Amino acid sequence: MVLRPWFPGEDGQPQHLVSTRPAGTVVTHTAANGPKHFELTGAVLPDGTFAAEPLHRFL
């Protein structure tokens, strides 16, 4: 599963992270501005990747 978090990478494009975890799993990604938590979803984006919901907005 390739997931697309909301924050941009160094090139300004959404970051792609690879995970073998199922939808509903919470993952932590350490970005330059600190750790961010995401819940993997089953929502498929037009390019075939999956969306990841940012949890740090709600915590």
# chains A, B, ... in the order shown; residues from 1 in each chain; ligands from 1
>>> residues_around(residues="stretch 8-22 of chain A", least_positions_apart="6", cutoff="12 Å", atoms="only C-alpha atoms", output="JSON, numbers by chain")
{"A": [1, 2, 28, 29, 30, 31, 32, 33, 38, 39, 40, 41, 42, 43, 47, 48, 49, 50, 51, 52]}
>>> write_last_selection(atoms="N, CA, C and O atoms", output="compact mmCIF listing (two decimals), in the first residue's frame")
# COMPACT_ATOMS: atom_id res chain seq x y z
N MET A 1 0.86 -1.17 0.00
CA MET A 1 0.00 0.00 0.00
C MET A 1 0.90 1.23 0.00
O MET A 1 1.81 1.33 0.80
N VAL A 2 0.63 2.15 -0.89
CA VAL A 2 1.33 3.44 -0.88
C VAL A 2 0.34 4.46 -0.38
O VAL A 2 -0.78 4.56 -0.87
N THR A 28 3.19 6.53 12.48
CA THR A 28 3.86 7.78 12.82
C THR A 28 4.97 8.01 11.81
O THR A 28 5.78 7.12 11.56
N HIS A 29 4.97 9.19 11.22
CA HIS A 29 6.01 9.58 10.27
C HIS A 29 6.74 10.77 10.86
O HIS A 29 6.13 11.75 11.26
N THR A 30 8.06 10.68 10.94
CA THR A 30 8.85 11.78 11.48
C THR A 30 9.26 12.70 10.33
O THR A 30 10.03 12.30 9.46
N ALA A 31 8.71 13.88 10.34
CA ALA A 31 9.01 14.90 9.33
C ALA A 31 10.00 15.90 9.93
O ALA A 31 10.33 15.83 11.11
N ALA A 32 10.44 16.84 9.11
CA ALA A 32 11.40 17.85 9.57
C ALA A 32 10.85 18.65 10.75
O ALA A 32 11.61 19.07 11.62
N ASN A 33 9.53 18.85 10.78
CA ASN A 33 8.93 19.64 11.86
C ASN A 33 8.36 18.76 12.98
O ASN A 33 7.54 19.21 13.76
N PHE A 38 -0.82 9.34 11.39
CA PHE A 38 -1.78 9.16 10.31
C PHE A 38 -2.50 7.84 10.48
O PHE A 38 -1.92 6.86 10.94
N GLU A 39 -3.78 7.83 10.13
CA GLU A 39 -4.54 6.58 10.07
C GLU A 39 -4.65 6.17 8.61
O GLU A 39 -5.07 6.95 7.76
N LEU A 40 -4.24 4.95 8.32
CA LEU A 40 -4.34 4.44 6.96
C LEU A 40 -5.81 4.22 6.61
O LEU A 40 -6.58 3.77 7.44
N THR A 41 -6.19 4.58 5.40
CA THR A 41 -7.57 4.41 4.97
C THR A 41 -7.62 3.48 3.76
O THR A 41 -6.60 3.17 3.16
N GLY A 42 -8.81 3.06 3.41
CA GLY A 42 -9.02 2.24 2.22
C GLY A 42 -9.43 3.10 1.04
O GLY A 42 -9.80 2.58 -0.01
N ALA A 43 -9.33 4.42 1.17
CA ALA A 43 -9.74 5.35 0.11
C ALA A 43 -8.67 5.39 -0.98
O ALA A 43 -7.55 5.82 -0.75
N ASP A 47 -4.61 8.15 -8.68
CA ASP A 47 -3.36 7.56 -9.18
C ASP A 47 -3.11 6.15 -8.65
O ASP A 47 -2.05 5.58 -8.87
N GLY A 48 -4.08 5.59 -7.93
CA GLY A 48 -3.95 4.22 -7.43
C GLY A 48 -3.35 4.11 -6.04
O GLY A 48 -3.28 3.03 -5.49
N THR A 49 -2.91 5.23 -5.47
CA THR A 49 -2.39 5.20 -4.10
C THR A 49 -3.57 5.33 -3.14
O THR A 49 -4.70 5.59 -3.54
N PHE A 50 -3.30 5.18 -1.86
CA PHE A 50 -4.32 5.27 -0.83
C PHE A 50 -4.12 6.54 -0.01
O PHE A 50 -2.99 6.97 0.19
N ALA A 51 -5.21 7.08 0.50
CA ALA A 51 -5.13 8.27 1.35
C ALA A 51 -4.83 7.86 2.78
O ALA A 51 -5.18 6.77 3.22
N ALA A 52 -4.16 8.75 3.50
CA ALA A 52 -3.90 8.57 4.93
C ALA A 52 -4.45 9.81 5.64
O ALA A 52 -4.13 10.94 5.27
>>> decode(residues="stretch 36-51 of chain A", atoms="all heavy atoms", output="mmCIF file, in the first residue's frame")
data_model
loop_
_atom_site.group_PDB
_atom_site.id
_atom_site.type_symbol
_atom_site.label_atom_id
_atom_site.label_comp_id
_atom_site.auth_asym_id
_atom_site.auth_seq_id
_atom_site.Cartn_x
_atom_site.Cartn_y
_atom_site.Cartn_z
ATOM 1 N N LYS A 36 4.395 13.068 12.992
ATOM 2 C CA LYS A 36 3.001 13.236 12.587
ATOM 3 C C LYS A 36 2.348 11.865 12.585
ATOM 4 O O LYS A 36 2.949 10.871 12.166
ATOM 5 C CB LYS A 36 2.899 13.849 11.182
ATOM 6 C CG LYS A 36 3.613 15.170 11.027
ATOM 7 C CD LYS A 36 2.975 16.253 11.843
ATOM 8 C CE LYS A 36 3.701 17.568 11.629
ATOM 9 N NZ LYS A 36 3.310 18.580 12.559
ATOM 10 N N HIS A 37 1.102 11.796 13.048
ATOM 11 C CA HIS A 37 0.371 10.540 13.141
ATOM 12 C C HIS A 37 -0.707 10.496 12.059
ATOM 13 O O HIS A 37 -1.421 11.482 11.849
ATOM 14 C CB HIS A 37 -0.266 10.391 14.518
ATOM 15 C CG HIS A 37 0.733 10.519 15.630
ATOM 16 N ND1 HIS A 37 1.606 9.518 15.955
ATOM 17 C CD2 HIS A 37 1.008 11.550 16.452
ATOM 18 C CE1 HIS A 37 2.371 9.912 16.950
ATOM 19 N NE2 HIS A 37 2.035 11.155 17.262
ATOM 20 N N PHE A 38 -0.818 9.345 11.389
ATOM 21 C CA PHE A 38 -1.781 9.158 10.306
ATOM 22 C C PHE A 38 -2.505 7.841 10.482
ATOM 23 O O PHE A 38 -1.921 6.859 10.936
ATOM 24 C CB PHE A 38 -1.074 9.119 8.940
ATOM 25 C CG PHE A 38 -0.378 10.397 8.600
ATOM 26 C CD1 PHE A 38 0.929 10.618 8.974
ATOM 27 C CD2 PHE A 38 -1.053 11.396 7.909
ATOM 28 C CE1 PHE A 38 1.573 11.809 8.662
ATOM 29 C CE2 PHE A 38 -0.417 12.589 7.599
ATOM 30 C CZ PHE A 38 0.889 12.784 7.977
ATOM 31 N N GLU A 39 -3.785 7.831 10.126
ATOM 32 C CA GLU A 39 -4.537 6.584 10.074
ATOM 33 C C GLU A 39 -4.646 6.171 8.613
ATOM 34 O O GLU A 39 -5.069 6.953 7.763
ATOM 35 C CB GLU A 39 -5.936 6.753 10.659
ATOM 36 C CG GLU A 39 -6.720 5.460 10.643
ATOM 37 C CD GLU A 39 -8.088 5.594 11.277
ATOM 38 O OE1 GLU A 39 -8.431 6.670 11.790
ATOM 39 O OE2 GLU A 39 -8.826 4.597 11.257
ATOM 40 N N LEU A 40 -4.242 4.947 8.322
ATOM 41 C CA LEU A 40 -4.338 4.444 6.956
ATOM 42 C C LEU A 40 -5.807 4.222 6.611
ATOM 43 O O LEU A 40 -6.584 3.772 7.444
ATOM 44 C CB LEU A 40 -3.575 3.127 6.823
ATOM 45 C CG LEU A 40 -2.114 3.150 7.248
ATOM 46 C CD1 LEU A 40 -1.487 1.789 6.977
ATOM 47 C CD2 LEU A 40 -1.349 4.235 6.540
ATOM 48 N N THR A 41 -6.186 4.582 5.402
ATOM 49 C CA THR A 41 -7.572 4.407 4.968
ATOM 50 C C THR A 41 -7.620 3.481 3.761
ATOM 51 O O THR A 41 -6.601 3.171 3.162
ATOM 52 C CB THR A 41 -8.220 5.747 4.566
ATOM 53 O OG1 THR A 41 -7.659 6.172 3.330
ATOM 54 C CG2 THR A 41 -8.021 6.824 5.618
ATOM 55 N N GLY A 42 -8.813 3.057 3.411
ATOM 56 C CA GLY A 42 -9.019 2.245 2.220
ATOM 57 C C GLY A 42 -9.425 3.100 1.036
ATOM 58 O O GLY A 42 -9.799 2.576 -0.006
ATOM 59 N N ALA A 43 -9.334 4.423 1.170
ATOM 60 C CA ALA A 43 -9.740 5.345 0.107
ATOM 61 C C ALA A 43 -8.672 5.395 -0.985
ATOM 62 O O ALA A 43 -7.549 5.819 -0.745
ATOM 63 C CB ALA A 43 -9.969 6.741 0.678
ATOM 64 N N VAL A 44 -9.030 4.931 -2.163
ATOM 65 C CA VAL A 44 -8.086 4.908 -3.286
ATOM 66 C C VAL A 44 -8.150 6.241 -4.030
ATOM 67 O O VAL A 44 -9.226 6.705 -4.413
ATOM 68 C CB VAL A 44 -8.411 3.756 -4.251
ATOM 69 C CG1 VAL A 44 -7.411 3.719 -5.392
ATOM 70 C CG2 VAL A 44 -8.421 2.428 -3.508
ATOM 71 N N LEU A 45 -6.985 6.849 -4.248
ATOM 72 C CA LEU A 45 -6.885 8.102 -4.994
ATOM 73 C C LEU A 45 -6.801 7.811 -6.491
ATOM 74 O O LEU A 45 -6.550 6.668 -6.891
ATOM 75 C CB LEU A 45 -5.658 8.873 -4.514
ATOM 76 C CG LEU A 45 -5.660 9.230 -3.021
ATOM 77 C CD1 LEU A 45 -4.338 9.861 -2.625
ATOM 78 C CD2 LEU A 45 -6.810 10.149 -2.690
ATOM 79 N N PRO A 46 -7.020 8.808 -7.344
ATOM 80 C CA PRO A 46 -7.018 8.589 -8.791
ATOM 81 C C PRO A 46 -5.749 7.944 -9.351
ATOM 82 O O PRO A 46 -5.796 7.251 -10.353
ATOM 83 C CB PRO A 46 -7.202 9.996 -9.373
ATOM 84 C CG PRO A 46 -7.915 10.751 -8.313
ATOM 85 C CD PRO A 46 -7.387 10.195 -7.016
ATOM 86 N N ASP A 47 -4.611 8.152 -8.675
ATOM 87 C CA ASP A 47 -3.358 7.565 -9.175
ATOM 88 C C ASP A 47 -3.105 6.153 -8.650
ATOM 89 O O ASP A 47 -2.049 5.581 -8.869
ATOM 90 C CB ASP A 47 -2.170 8.467 -8.877
ATOM 91 C CG ASP A 47 -1.897 8.621 -7.384
ATOM 92 O OD1 ASP A 47 -2.642 8.053 -6.555
ATOM 93 O OD2 ASP A 47 -0.927 9.311 -7.041
ATOM 94 N N GLY A 48 -4.082 5.589 -7.927
ATOM 95 C CA GLY A 48 -3.953 4.224 -7.427
ATOM 96 C C GLY A 48 -3.348 4.111 -6.039
ATOM 97 O O GLY A 48 -3.278 3.026 -5.489
ATOM 98 N N THR A 49 -2.907 5.229 -5.467
ATOM 99 C CA THR A 49 -2.391 5.201 -4.103
ATOM 100 C C THR A 49 -3.566 5.334 -3.138
ATOM 101 O O THR A 49 -4.702 5.588 -3.537
ATOM 102 C CB THR A 49 -1.371 6.326 -3.863
ATOM 103 O OG1 THR A 49 -1.993 7.585 -4.081
ATOM 104 C CG2 THR A 49 -0.169 6.178 -4.778
ATOM 105 N N PHE A 50 -3.298 5.179 -1.858
ATOM 106 C CA PHE A 50 -4.323 5.270 -0.835
ATOM 107 C C PHE A 50 -4.123 6.535 -0.007
ATOM 108 O O PHE A 50 -2.990 6.973 0.187
ATOM 109 C CB PHE A 50 -4.259 4.056 0.096
ATOM 110 C CG PHE A 50 -4.643 2.781 -0.572
ATOM 111 C CD1 PHE A 50 -3.738 2.094 -1.343
ATOM 112 C CD2 PHE A 50 -5.920 2.276 -0.446
ATOM 113 C CE1 PHE A 50 -4.076 0.919 -1.982
ATOM 114 C CE2 PHE A 50 -6.282 1.100 -1.084
ATOM 115 C CZ PHE A 50 -5.358 0.419 -1.848
ATOM 116 N N ALA A 51 -5.211 7.082 0.499
ATOM 117 C CA ALA A 51 -5.134 8.271 1.346
ATOM 118 C C ALA A 51 -4.826 7.861 2.783
ATOM 119 O O ALA A 51 -5.178 6.771 3.220
ATOM 120 C CB ALA A 51 -6.448 9.037 1.302
#
